[in-house]
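The file data25.txt comes next; it holds compact mmCIF, C-alpha atoms.
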```txt
# COMPACT_ATOMS: atom_id res chain seq x y z
CA MET A 1 0.00 0.00 0.00
CA SER A 2 1.40 3.42 -0.93
CA LYS A 3 1.96 6.11 1.63
CA ARG A 4 -0.62 8.26 -0.18
CA ASN A 5 -3.34 5.55 0.06
CA SER A 6 -2.55 5.06 3.72
CA GLN A 7 -3.06 8.74 4.44
CA ASP A 8 -6.31 8.82 2.46
CA ASN A 9 -7.65 5.82 4.37
CA LYS A 10 -6.81 7.41 7.70
CA ALA A 11 -8.52 10.64 6.67
CA ALA A 12 -11.63 8.75 5.58
CA ALA A 13 -11.71 6.87 8.88
CA ARG A 14 -11.44 10.10 10.84
CA GLU A 15 -14.28 11.60 8.80
CA ARG A 16 -16.49 8.57 9.49
CA MET A 17 -15.74 8.81 13.23
CA ARG A 18 -16.55 12.54 13.21
CA ALA A 19 -19.83 11.89 11.44
CA GLU A 20 -20.74 9.12 13.88
CA ARG A 21 -19.98 11.40 16.85
CA GLU A 22 -22.17 14.16 15.41
CA LYS A 23 -24.96 11.68 14.75
CA GLN A 24 -24.71 10.31 18.31
CA ALA A 25 -24.60 13.83 19.76
CA LYS A 26 -27.82 14.69 17.92
CA LYS A 27 -29.48 11.54 19.31
CA ASP A 28 -28.31 12.35 22.83
CA LYS A 29 -29.63 15.91 22.52
CA ALA A 30 -32.99 14.72 21.27
CA ARG A 31 -33.20 12.18 24.11
CA ARG A 32 -32.43 14.87 26.70
CA GLN A 33 -35.14 17.10 25.22
CA VAL A 34 -37.67 14.31 25.47
CA ILE A 35 -36.67 13.58 29.08
CA VAL A 36 -36.86 17.26 30.05
CA ALA A 37 -40.23 17.64 28.36
CA GLY A 38 -41.51 14.51 30.05
CA ALA A 39 -40.27 15.72 33.42
CA ALA A 40 -41.97 19.04 32.87
CA VAL A 41 -45.25 17.32 32.05
CA ALA A 42 -44.86 15.13 35.13
CA VAL A 43 -44.22 18.16 37.32
CA LEU A 44 -47.28 19.88 35.87
CA ALA A 45 -49.33 16.74 36.42
CA VAL A 46 -48.18 16.45 40.03
CA ALA A 47 -48.78 20.14 40.60
CA GLY A 48 -52.21 19.82 39.04
CA GLY A 49 -52.98 16.81 41.21
CA VAL A 50 -51.83 18.59 44.34
CA GLY A 51 -53.82 21.65 43.33
CA TYR A 52 -56.92 19.54 42.77
CA ALA A 53 -56.42 17.81 46.12
CA VAL A 54 -56.03 21.17 47.87
CA VAL A 55 -59.15 22.52 46.19
CA GLN A 56 -61.08 19.39 47.14
CA ALA A 57 -59.83 19.54 50.73
CA ASN A 58 -61.02 23.12 50.97
CA GLN A 59 -64.48 22.27 49.66
CA PRO A 60 -67.14 22.25 52.40
CA SER A 61 -68.42 18.84 53.48
CA ALA A 62 -72.01 17.82 52.82
CA TRP A 63 -72.84 18.54 56.45
CA GLU A 64 -71.17 21.97 56.32
CA THR A 65 -73.21 22.72 53.22
CA ALA A 66 -76.34 21.56 55.03
CA ALA A 67 -75.53 23.81 57.99
CA ASP A 68 -75.31 26.83 55.67
CA ALA A 69 -78.47 26.00 53.72
CA LYS A 70 -80.99 28.81 53.41
CA ASN A 71 -83.93 26.73 52.31
CA ILE A 72 -84.82 24.21 55.01
CA THR A 73 -87.08 21.23 54.44
CA ALA A 74 -88.61 20.53 57.85
CA PRO A 75 -90.42 17.29 58.72
CA LYS A 76 -94.14 17.26 59.25
CA ASN A 77 -95.27 17.55 62.88
CA THR A 78 -92.84 20.37 63.66
CA GLU A 79 -93.36 24.03 64.52
CA GLY A 80 -91.46 27.28 64.72
CA LYS A 81 -88.66 28.72 62.59
CA ASP A 82 -87.11 26.00 60.40
CA GLY A 83 -89.32 23.44 62.14
CA THR A 84 -86.94 23.04 65.07
CA THR A 85 -89.74 22.94 67.65
CA VAL A 86 -90.82 19.33 68.15
CA VAL A 87 -93.63 18.92 70.67
CA ILE A 88 -95.47 15.61 71.01
CA GLY A 89 -98.52 14.91 73.18
CA LYS A 90 -102.12 15.77 73.85
CA PRO A 91 -103.01 19.44 73.28
CA GLU A 92 -104.79 19.60 76.64
CA ALA A 93 -101.67 18.60 78.59
CA LYS A 94 -100.70 21.67 80.59
CA LYS A 95 -97.06 20.85 81.32
CA THR A 96 -94.12 20.16 79.00
CA LEU A 97 -91.10 17.96 79.62
CA GLU A 98 -88.06 19.05 77.61
CA ILE A 99 -85.53 16.34 76.72
CA TYR A 100 -82.13 17.23 75.26
CA GLU A 101 -80.33 14.25 73.75
CA ASP A 102 -77.46 13.33 71.42
CA SER A 103 -78.05 10.07 69.58
CA ARG A 104 -74.49 8.81 70.22
CA CYS A 105 -74.66 9.64 73.95
CA PRO A 106 -74.28 6.49 76.12
CA VAL A 107 -75.95 8.11 79.14
CA CYS A 108 -78.90 9.05 76.92
CA ALA A 109 -79.13 5.38 76.00
CA THR A 110 -79.13 4.43 79.69
CA PHE A 111 -81.88 6.98 80.35
CA GLU A 112 -84.02 5.82 77.42
CA GLN A 113 -83.60 2.15 78.32
CA GLY A 114 -84.54 2.79 81.94
CA VAL A 115 -87.08 5.62 81.72
CA GLY A 116 -88.10 5.98 78.07
CA ALA A 117 -91.17 3.72 78.32
CA LYS A 118 -92.39 5.67 81.38
CA VAL A 119 -92.05 8.98 79.51
CA ASP A 120 -93.93 7.59 76.52
CA LYS A 121 -96.76 6.39 78.79
CA ASP A 122 -97.00 9.73 80.58
CA VAL A 123 -97.19 11.53 77.23
CA ALA A 124 -99.86 9.12 75.98
CA ASP A 125 -101.82 9.62 79.22
CA GLY A 126 -101.67 13.41 78.89
CA THR A 127 -99.61 13.93 82.04
CA TYR A 128 -97.38 16.28 80.04
CA LYS A 129 -96.22 16.97 76.50
CA LEU A 130 -92.73 16.04 75.32
CA LYS A 131 -90.49 18.64 73.71
CA TYR A 132 -87.46 17.10 71.99
CA ILE A 133 -84.21 18.97 71.28
CA GLY A 134 -81.55 16.98 69.39
CA ALA A 135 -77.81 17.60 69.67
CA THR A 136 -74.79 16.57 67.57
CA PHE A 137 -71.84 17.77 69.65
CA LEU A 138 -70.43 14.25 70.09
CA ASP A 139 -69.56 14.18 66.39
CA ASN A 140 -67.12 16.99 67.10
CA SER A 141 -65.53 15.54 70.22
CA LEU A 142 -65.43 11.92 69.03
CA GLN A 143 -65.11 12.58 65.27
CA GLY A 144 -67.68 11.29 62.82
CA THR A 145 -71.16 12.10 61.57
CA GLY A 146 -73.37 9.58 63.39
CA SER A 147 -75.15 12.08 65.63
CA LYS A 148 -76.05 14.29 62.68
CA ASN A 149 -77.11 11.37 60.49
CA ALA A 150 -79.28 9.83 63.22
CA LEU A 151 -80.93 13.19 63.92
CA SER A 152 -81.74 13.55 60.22
CA ALA A 153 -83.22 10.02 60.25
CA LEU A 154 -85.28 10.93 63.31
CA GLY A 155 -86.61 13.82 61.25
CA ALA A 156 -87.60 11.33 58.55
CA ALA A 157 -89.43 9.26 61.18
CA LEU A 158 -91.16 12.37 62.54
CA ASP A 159 -92.28 13.14 59.00
CA VAL A 160 -94.18 9.82 59.11
CA SER A 161 -95.81 10.43 62.50
CA PRO A 162 -95.00 11.44 66.09
CA GLU A 163 -95.59 7.83 67.15
CA ALA A 164 -93.08 6.57 64.56
CA PHE A 165 -90.59 9.15 65.87
CA LEU A 166 -90.91 7.94 69.47
CA LYS A 167 -90.64 4.27 68.53
CA TYR A 168 -87.65 4.91 66.29
CA LYS A 169 -85.94 6.95 69.00
CA ASN A 170 -86.45 4.08 71.43
CA ALA A 171 -85.00 1.64 68.90
CA LEU A 172 -81.92 3.79 68.30
CA TYR A 173 -81.19 3.81 72.04
CA SER A 174 -82.02 0.14 72.60
CA PRO A 175 -79.38 -2.30 73.94
CA LYS A 176 -79.55 -4.19 70.64
CA PHE A 177 -78.72 -1.26 68.38
CA HIS A 178 -77.06 1.53 70.32
CA PRO A 179 -73.31 1.41 69.61
CA GLU A 180 -70.41 2.39 71.81
CA GLU A 181 -70.02 6.15 71.58
CA THR A 182 -66.65 5.73 69.83
CA ASP A 183 -68.25 3.49 67.17
CA ASP A 184 -69.76 5.77 64.53
CA LYS A 185 -72.29 3.21 63.25
CA PHE A 186 -75.09 5.75 62.98
CA ALA A 187 -73.10 7.41 60.16
CA LYS A 188 -74.22 4.54 57.90
CA ASP A 189 -77.66 4.90 56.32
CA SER A 190 -77.83 1.12 55.98
CA TYR A 191 -77.58 0.71 59.76
CA LEU A 192 -80.22 3.36 60.44
CA LEU A 193 -82.54 1.62 57.97
CA GLU A 194 -81.85 -1.74 59.61
CA ILE A 195 -83.00 -0.27 62.92
CA ALA A 196 -86.03 1.29 61.24
CA ASP A 197 -87.16 -2.15 60.09
CA THR A 198 -88.07 -2.88 63.73
CA VAL A 199 -90.65 -0.06 63.67
CA PRO A 200 -93.85 -1.16 61.86
CA ALA A 201 -94.63 2.31 60.49
CA LEU A 202 -91.14 2.58 59.00
CA LYS A 203 -90.52 -0.95 57.77
CA GLY A 204 -90.84 -1.01 54.00
CA ASN A 205 -91.75 2.68 53.98
CA ALA A 206 -90.29 3.86 50.66
CA LYS A 207 -90.65 7.57 51.43
CA PHE A 208 -88.90 7.19 54.77
CA ARG A 209 -86.07 5.26 53.10
CA ASP A 210 -85.69 7.89 50.38
CA ASN A 211 -85.60 10.69 52.95
CA VAL A 212 -82.85 8.91 54.90
CA GLU A 213 -80.74 8.00 51.88
CA ASN A 214 -81.18 11.37 50.16
CA GLY A 215 -80.56 13.39 53.34
CA THR A 216 -83.85 15.26 52.95
CA PHE A 217 -83.72 16.51 56.54
CA ASP A 218 -79.95 17.04 56.86
CA ALA A 219 -80.28 20.83 56.87
CA TRP A 220 -83.12 20.58 59.38
CA ALA A 221 -80.93 18.40 61.63
CA MET A 222 -78.20 21.04 61.55
CA LYS A 223 -80.71 23.76 62.47
CA MET A 224 -81.98 21.60 65.33
CA SER A 225 -78.38 21.09 66.47
CA LYS A 226 -77.85 24.85 66.38
CA ALA A 227 -80.98 25.30 68.50
CA PHE A 228 -79.42 22.96 71.07
CA ASP A 229 -76.13 24.88 70.98
CA GLU A 230 -78.01 28.13 71.62
CA SER A 231 -80.14 26.68 74.43
CA GLY A 232 -77.43 26.99 77.06
CA VAL A 233 -77.57 23.26 77.82
CA ARG A 234 -74.09 21.75 78.00
CA GLY A 235 -74.69 18.03 78.42
CA THR A 236 -77.03 15.20 77.57
CA PRO A 237 -79.39 13.92 78.64
CA THR A 238 -80.82 17.07 80.17
CA LEU A 239 -84.43 17.16 81.35
CA LYS A 240 -86.53 20.17 82.25
CA MET A 241 -90.16 20.44 83.33
CA ASP A 242 -91.50 23.79 82.18
CA GLY A 243 -87.96 25.11 82.42
CA LYS A 244 -87.15 23.61 85.83
CA PRO A 245 -84.30 21.06 85.96
CA VAL A 246 -85.36 17.44 86.48
CA THR A 247 -82.40 15.94 88.34
CA VAL A 248 -81.63 13.42 91.03
CA GLU A 249 -82.11 15.09 94.42
CA GLY A 250 -78.96 16.74 95.68
CA SER A 251 -77.15 16.58 92.33
CA ASP A 252 -77.14 17.83 88.76
CA ASN A 253 -77.37 14.28 87.42
CA PRO A 254 -80.26 13.15 85.24
CA PRO A 255 -82.54 10.42 86.63
CA LEU A 256 -81.67 7.05 85.11
CA THR A 257 -84.31 4.86 86.75
CA VAL A 258 -88.07 5.16 86.96
CA GLU A 259 -87.86 5.69 90.71
CA GLN A 260 -85.36 8.52 90.34
CA PHE A 261 -87.39 10.02 87.52
CA ASP A 262 -90.69 10.01 89.40
CA ALA A 263 -89.08 11.62 92.43
CA ALA A 264 -87.28 14.26 90.36
CA LEU A 265 -90.39 14.95 88.31
CA ALA A 266 -92.53 15.40 91.44
CA THR A 267 -90.08 17.96 92.77
CA ALA A 268 -89.95 19.86 89.46
CA MET A 269 -93.75 19.86 89.08
CA LYS A 270 -94.44 21.35 92.51
CA GLY A 271 -96.04 24.72 92.28
```
Would you give me this structure, written as structure tokens?
Amino acid sequence: MSKRNSQDNKAAARERMRAEREKQAKKDKARRQVIVAGAAVAVLAVAGGVGYAVVQANQPSAWETAADAKNITAPKNTEGKDGTTVVIGKPEAKKTLEIYEDSRCPVCATFEQGVGAKVDKDVADGTYKLKYIGATFLDNSLQGTGSKNALSALGAALDVSPEAFLKYKNALYSPKFHPEETDDKFAKDSYLLEIADTVPALKGNAKFRDNVENGTFDAWAMKMSKAFDESGVRGTPTLKMDGKPVTVEGSDNPPLTVEQFDAALATAMKG
């Protein structure tokens, strides 16, 4: 091979290597551009997802929306502004027993299991009317929505009849169905409907079911809860006879047996 051919071959080889390097450099540049673009899209996607999550987190809950509602659908058999006055009993009864309860309250369950039947009988006999004021404060202290959901369901029962309301209230507080206060079972519509199946007027009642599942009386329940908050009462159960506390003698405790209740009621009804 001549010296000239050798030099030409070397030059050609260098040119091929240069061309290959340029070609590879272009590929590497293109790959980097794709990676950067992909990363930018990913960052935008993550940012968008975070933004969406933040927006969603700042959206009011269904119960907060209900609390702010302007148009309130109140159950039948209610009175007053937004239907928050619930009075059950014979019109001729001259006295009124006020009962303040939270559906998740374990002491309320003890009261209802021990004294509830006596109260219902007295109301039926015309001894006094019953004024019911529902609370939901345990949802705040224990977390959950069971108190609010049960109060809304009680509104659905009241919409059927006062008798259905009383029987449903008794069922909610019964040993069979009342959960531990830390167990938010009343938050489930299915559980509230299961309990309702033990009340003849509610079992198979399509309108009652729809009202529970659709939250027809959610806003009413929140107005009722607000009425409790503004009443000055700080615990449940609280009982008053025409505004006078009905408590165990010598204490601020509610009566939890029929004997305690009769004695406390007699004291409150004097004069």
Interface rows for stretch 91-157 of chain A against stretch 195-204 of chain A: nearest pair, Å to one decimal, 12 Å, only C-alpha atoms, as CSV:
```
residue,atom,partner,partner_atom,distance
A:Ala150,CA,A:Ile195,CA,10.8
A:Ala153,CA,A:Ala196,CA,9.2
A:Leu154,CA,A:Ala196,CA,9.9
A:Ala156,CA,A:Leu202,CA,9.4
A:Ala157,CA,A:Leu202,CA,7.2
```
Give me the stretch 172-239 of chain A side of the contact with stretch 88-104 of chain A, cut-off 7 Å, one line per residue showing its nearest atom pair and distance in Å at one decimal, counting only C-alpha atoms, sorted by chain and residue number, as JSON lines.
```
{"residue": "A:Glu181", "atom": "CA", "partner": "A:Arg104", "partner_atom": "CA", "distance": 5.4}
{"residue": "A:Thr236", "atom": "CA", "partner": "A:Glu101", "partner_atom": "CA", "distance": 5.1}
{"residue": "A:Pro237", "atom": "CA", "partner": "A:Glu101", "partner_atom": "CA", "distance": 5.0}
{"residue": "A:Thr238", "atom": "CA", "partner": "A:Tyr100", "partner_atom": "CA", "distance": 5.1}
{"residue": "A:Leu239", "atom": "CA", "partner": "A:Ile99", "partner_atom": "CA", "distance": 4.8}
```
Report summary line: Using only C-alpha atoms, the shortest atom-to-atom distance to A:Lys176 among A:Val246, A:Leu138, A:Ala109, A:Ala74 belongs to A:Ala109
Report task. Do a neighbour search on A:Leu166 at 10 Å with all atoms listed in the file, toss out local chain neighbours closer than 3 positions, and write the hits as a list of chain:residue names. Result -> A:Ile88, A:Gly116, A:Ala117, A:Asp120, A:Leu154, A:Ala157, A:Leu158, A:Ser161, A:Pro162, A:Glu163, A:Lys169, A:Asn170, A:Ala171, A:Leu172, A:Val199
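Of note, atom CA of A:Ala187 and atom CA of A:Ala164 are spaced 20.5 Å apart.
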Report task. Rank A:Pro175, A:Gly144, A:Gly126, A:Gly83 by their smallest atom-to-atom distance to A:Ala221, using all atoms listed in the file, and report the top residue only. Result ->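 Comparing A:Pro175, A:Gly144, A:Gly126, A:Gly83 against A:Ala221, the winner is A:Gly83.
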Output: stretch 173-188 of chain A of the preceding structure, restricted to all heavy atoms, written as a PDB file, in the first residue's frame.
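The resulting file, out-v5.pdb, is shown below:
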```pdb
ATOM      1  N   TYR A 173     -81.840   3.865  70.729  1.00  0.00           N
ATOM      2  CA  TYR A 173     -81.189   3.811  72.042  1.00  0.00           C
ATOM      3  C   TYR A 173     -81.248   2.420  72.682  1.00  0.00           C
ATOM      4  O   TYR A 173     -80.739   2.234  73.797  1.00  0.00           O
ATOM      5  CB  TYR A 173     -81.832   4.818  72.991  1.00  0.00           C
ATOM      6  CG  TYR A 173     -81.442   6.255  72.721  1.00  0.00           C
ATOM      7  CD1 TYR A 173     -82.392   7.195  72.321  1.00  0.00           C
ATOM      8  CD2 TYR A 173     -80.127   6.667  72.876  1.00  0.00           C
ATOM      9  CE1 TYR A 173     -82.037   8.513  72.087  1.00  0.00           C
ATOM     10  CE2 TYR A 173     -79.763   7.982  72.633  1.00  0.00           C
ATOM     11  CZ  TYR A 173     -80.723   8.907  72.245  1.00  0.00           C
ATOM     12  OH  TYR A 173     -80.358  10.207  72.005  1.00  0.00           O
ATOM     13  N   SER A 174     -81.827   1.466  72.005  1.00  0.00           N
ATOM     14  CA  SER A 174     -82.016   0.136  72.597  1.00  0.00           C
ATOM     15  C   SER A 174     -80.685  -0.591  72.783  1.00  0.00           C
ATOM     16  O   SER A 174     -79.709  -0.314  72.069  1.00  0.00           O
ATOM     17  CB  SER A 174     -82.934  -0.703  71.703  1.00  0.00           C
ATOM     18  OG  SER A 174     -82.289  -1.004  70.474  1.00  0.00           O
ATOM     19  N   PRO A 175     -80.628  -1.532  73.731  1.00  0.00           N
ATOM     20  CA  PRO A 175     -79.385  -2.303  73.942  1.00  0.00           C
ATOM     21  C   PRO A 175     -78.940  -3.035  72.680  1.00  0.00           C
ATOM     22  O   PRO A 175     -77.736  -3.213  72.460  1.00  0.00           O
ATOM     23  CB  PRO A 175     -79.771  -3.290  75.052  1.00  0.00           C
ATOM     24  CG  PRO A 175     -80.921  -2.655  75.758  1.00  0.00           C
ATOM     25  CD  PRO A 175     -81.676  -1.896  74.699  1.00  0.00           C
ATOM     26  N   LYS A 176     -79.884  -3.432  71.849  1.00  0.00           N
ATOM     27  CA  LYS A 176     -79.545  -4.188  70.642  1.00  0.00           C
ATOM     28  C   LYS A 176     -78.824  -3.332  69.611  1.00  0.00           C
ATOM     29  O   LYS A 176     -77.900  -3.809  68.928  1.00  0.00           O
ATOM     30  CB  LYS A 176     -80.810  -4.778  70.022  1.00  0.00           C
ATOM     31  CG  LYS A 176     -80.545  -5.606  68.771  1.00  0.00           C
ATOM     32  CD  LYS A 176     -81.826  -6.214  68.227  1.00  0.00           C
ATOM     33  CE  LYS A 176     -81.545  -7.042  66.969  1.00  0.00           C
ATOM     34  NZ  LYS A 176     -82.785  -7.655  66.426  1.00  0.00           N
ATOM     35  N   PHE A 177     -79.221  -2.062  69.493  1.00  0.00           N
ATOM     36  CA  PHE A 177     -78.722  -1.255  68.383  1.00  0.00           C
ATOM     37  C   PHE A 177     -77.800  -0.101  68.760  1.00  0.00           C
ATOM     38  O   PHE A 177     -77.052   0.379  67.903  1.00  0.00           O
ATOM     39  CB  PHE A 177     -79.901  -0.694  67.576  1.00  0.00           C
ATOM     40  CG  PHE A 177     -80.687  -1.734  66.842  1.00  0.00           C
ATOM     41  CD1 PHE A 177     -82.013  -1.982  67.172  1.00  0.00           C
ATOM     42  CD2 PHE A 177     -80.110  -2.482  65.833  1.00  0.00           C
ATOM     43  CE1 PHE A 177     -82.754  -2.943  66.496  1.00  0.00           C
ATOM     44  CE2 PHE A 177     -80.833  -3.446  65.143  1.00  0.00           C
ATOM     45  CZ  PHE A 177     -82.159  -3.684  65.479  1.00  0.00           C
ATOM     46  N   HIS A 178     -77.871   0.357  70.005  1.00  0.00           N
ATOM     47  CA  HIS A 178     -77.057   1.535  70.324  1.00  0.00           C
ATOM     48  C   HIS A 178     -75.582   1.147  70.424  1.00  0.00           C
ATOM     49  O   HIS A 178     -75.211   0.297  71.226  1.00  0.00           O
ATOM     50  CB  HIS A 178     -77.505   2.195  71.631  1.00  0.00           C
ATOM     51  CG  HIS A 178     -76.969   3.584  71.775  1.00  0.00           C
ATOM     52  ND1 HIS A 178     -75.798   3.866  72.430  1.00  0.00           N
ATOM     53  CD2 HIS A 178     -77.435   4.775  71.308  1.00  0.00           C
ATOM     54  CE1 HIS A 178     -75.573   5.160  72.385  1.00  0.00           C
ATOM     55  NE2 HIS A 178     -76.553   5.734  71.707  1.00  0.00           N
ATOM     56  N   PRO A 179     -74.729   1.769  69.604  1.00  0.00           N
ATOM     57  CA  PRO A 179     -73.307   1.406  69.608  1.00  0.00           C
ATOM     58  C   PRO A 179     -72.540   2.100  70.726  1.00  0.00           C
ATOM     59  O   PRO A 179     -73.053   3.016  71.379  1.00  0.00           O
ATOM     60  CB  PRO A 179     -72.831   1.915  68.241  1.00  0.00           C
ATOM     61  CG  PRO A 179     -73.695   3.126  67.993  1.00  0.00           C
ATOM     62  CD  PRO A 179     -75.049   2.799  68.606  1.00  0.00           C
ATOM     63  N   GLU A 180     -71.321   1.643  70.936  1.00  0.00           N
ATOM     64  CA  GLU A 180     -70.413   2.392  71.807  1.00  0.00           C
ATOM     65  C   GLU A 180     -70.245   3.788  71.225  1.00  0.00           C
ATOM     66  O   GLU A 180     -70.271   3.966  69.998  1.00  0.00           O
ATOM     67  CB  GLU A 180     -69.052   1.699  71.888  1.00  0.00           C
ATOM     68  CG  GLU A 180     -69.083   0.330  72.554  1.00  0.00           C
ATOM     69  CD  GLU A 180     -69.366   0.418  74.047  1.00  0.00           C
ATOM     70  OE1 GLU A 180     -68.963   1.431  74.667  1.00  0.00           O
ATOM     71  OE2 GLU A 180     -69.995  -0.511  74.581  1.00  0.00           O
ATOM     72  N   GLU A 181     -70.062   4.778  72.075  1.00  0.00           N
ATOM     73  CA  GLU A 181     -70.018   6.148  71.578  1.00  0.00           C
ATOM     74  C   GLU A 181     -68.857   6.388  70.623  1.00  0.00           C
ATOM     75  O   GLU A 181     -68.909   7.271  69.754  1.00  0.00           O
ATOM     76  CB  GLU A 181     -69.953   7.148  72.736  1.00  0.00           C
ATOM     77  CG  GLU A 181     -68.733   7.021  73.624  1.00  0.00           C
ATOM     78  CD  GLU A 181     -68.756   8.028  74.764  1.00  0.00           C
ATOM     79  OE1 GLU A 181     -69.316   9.117  74.595  1.00  0.00           O
ATOM     80  OE2 GLU A 181     -68.211   7.714  75.834  1.00  0.00           O
ATOM     81  N   THR A 182     -67.792   5.580  70.727  1.00  0.00           N
ATOM     82  CA  THR A 182     -66.653   5.731  69.826  1.00  0.00           C
ATOM     83  C   THR A 182     -66.861   5.010  68.497  1.00  0.00           C
ATOM     84  O   THR A 182     -66.060   5.158  67.573  1.00  0.00           O
ATOM     85  CB  THR A 182     -65.374   5.196  70.488  1.00  0.00           C
ATOM     86  OG1 THR A 182     -65.603   3.847  70.926  1.00  0.00           O
ATOM     87  CG2 THR A 182     -64.982   6.046  71.689  1.00  0.00           C
ATOM     88  N   ASP A 183     -67.929   4.226  68.391  1.00  0.00           N
ATOM     89  CA  ASP A 183     -68.247   3.493  67.171  1.00  0.00           C
ATOM     90  C   ASP A 183     -69.295   4.285  66.397  1.00  0.00           C
ATOM     91  O   ASP A 183     -70.446   4.382  66.813  1.00  0.00           O
ATOM     92  CB  ASP A 183     -68.774   2.101  67.523  1.00  0.00           C
ATOM     93  CG  ASP A 183     -69.003   1.230  66.298  1.00  0.00           C
ATOM     94  OD1 ASP A 183     -68.850   1.741  65.170  1.00  0.00           O
ATOM     95  OD2 ASP A 183     -69.328   0.040  66.464  1.00  0.00           O
ATOM     96  N   ASP A 184     -68.896   4.843  65.261  1.00  0.00           N
ATOM     97  CA  ASP A 184     -69.759   5.773  64.525  1.00  0.00           C
ATOM     98  C   ASP A 184     -70.719   5.035  63.583  1.00  0.00           C
ATOM     99  O   ASP A 184     -70.858   5.405  62.415  1.00  0.00           O
ATOM    100  CB  ASP A 184     -68.882   6.750  63.739  1.00  0.00           C
ATOM    101  CG  ASP A 184     -69.633   7.997  63.298  1.00  0.00           C
ATOM    102  OD1 ASP A 184     -70.616   8.361  63.962  1.00  0.00           O
ATOM    103  OD2 ASP A 184     -69.212   8.613  62.298  1.00  0.00           O
ATOM    104  N   LYS A 185     -71.418   4.045  64.094  1.00  0.00           N
ATOM    105  CA  LYS A 185     -72.289   3.213  63.248  1.00  0.00           C
ATOM    106  C   LYS A 185     -73.489   3.986  62.701  1.00  0.00           C
ATOM    107  O   LYS A 185     -73.989   3.669  61.614  1.00  0.00           O
ATOM    108  CB  LYS A 185     -72.775   1.977  64.020  1.00  0.00           C
ATOM    109  CG  LYS A 185     -71.681   0.980  64.336  1.00  0.00           C
ATOM    110  CD  LYS A 185     -72.211  -0.245  65.056  1.00  0.00           C
ATOM    111  CE  LYS A 185     -72.958  -1.164  64.130  1.00  0.00           C
ATOM    112  NZ  LYS A 185     -73.317  -2.454  64.756  1.00  0.00           N
ATOM    113  N   PHE A 186     -73.940   4.987  63.449  1.00  0.00           N
ATOM    114  CA  PHE A 186     -75.089   5.755  62.978  1.00  0.00           C
ATOM    115  C   PHE A 186     -74.758   6.584  61.730  1.00  0.00           C
ATOM    116  O   PHE A 186     -75.664   7.131  61.092  1.00  0.00           O
ATOM    117  CB  PHE A 186     -75.619   6.682  64.064  1.00  0.00           C
ATOM    118  CG  PHE A 186     -76.343   5.975  65.187  1.00  0.00           C
ATOM    119  CD1 PHE A 186     -76.502   6.586  66.430  1.00  0.00           C
ATOM    120  CD2 PHE A 186     -76.872   4.715  65.011  1.00  0.00           C
ATOM    121  CE1 PHE A 186     -77.175   5.951  67.464  1.00  0.00           C
ATOM    122  CE2 PHE A 186     -77.548   4.062  66.035  1.00  0.00           C
ATOM    123  CZ  PHE A 186     -77.693   4.676  67.265  1.00  0.00           C
ATOM    124  N   ALA A 187     -73.484   6.684  61.376  1.00  0.00           N
ATOM    125  CA  ALA A 187     -73.100   7.405  60.160  1.00  0.00           C
ATOM    126  C   ALA A 187     -73.533   6.648  58.908  1.00  0.00           C
ATOM    127  O   ALA A 187     -73.595   7.235  57.821  1.00  0.00           O
ATOM    128  CB  ALA A 187     -71.588   7.630  60.134  1.00  0.00           C
ATOM    129  N   LYS A 188     -73.845   5.368  59.042  1.00  0.00           N
ATOM    130  CA  LYS A 188     -74.219   4.542  57.901  1.00  0.00           C
ATOM    131  C   LYS A 188     -75.738   4.505  57.746  1.00  0.00           C
ATOM    132  O   LYS A 188     -76.452   4.052  58.640  1.00  0.00           O
ATOM    133  CB  LYS A 188     -73.685   3.120  58.087  1.00  0.00           C
ATOM    134  CG  LYS A 188     -72.169   3.039  58.205  1.00  0.00           C
ATOM    135  CD  LYS A 188     -71.723   1.613  58.469  1.00  0.00           C
ATOM    136  CE  LYS A 188     -70.211   1.527  58.616  1.00  0.00           C
ATOM    137  NZ  LYS A 188     -69.773   0.137  58.918  1.00  0.00           N
TER     138      LYS A 188
END
```
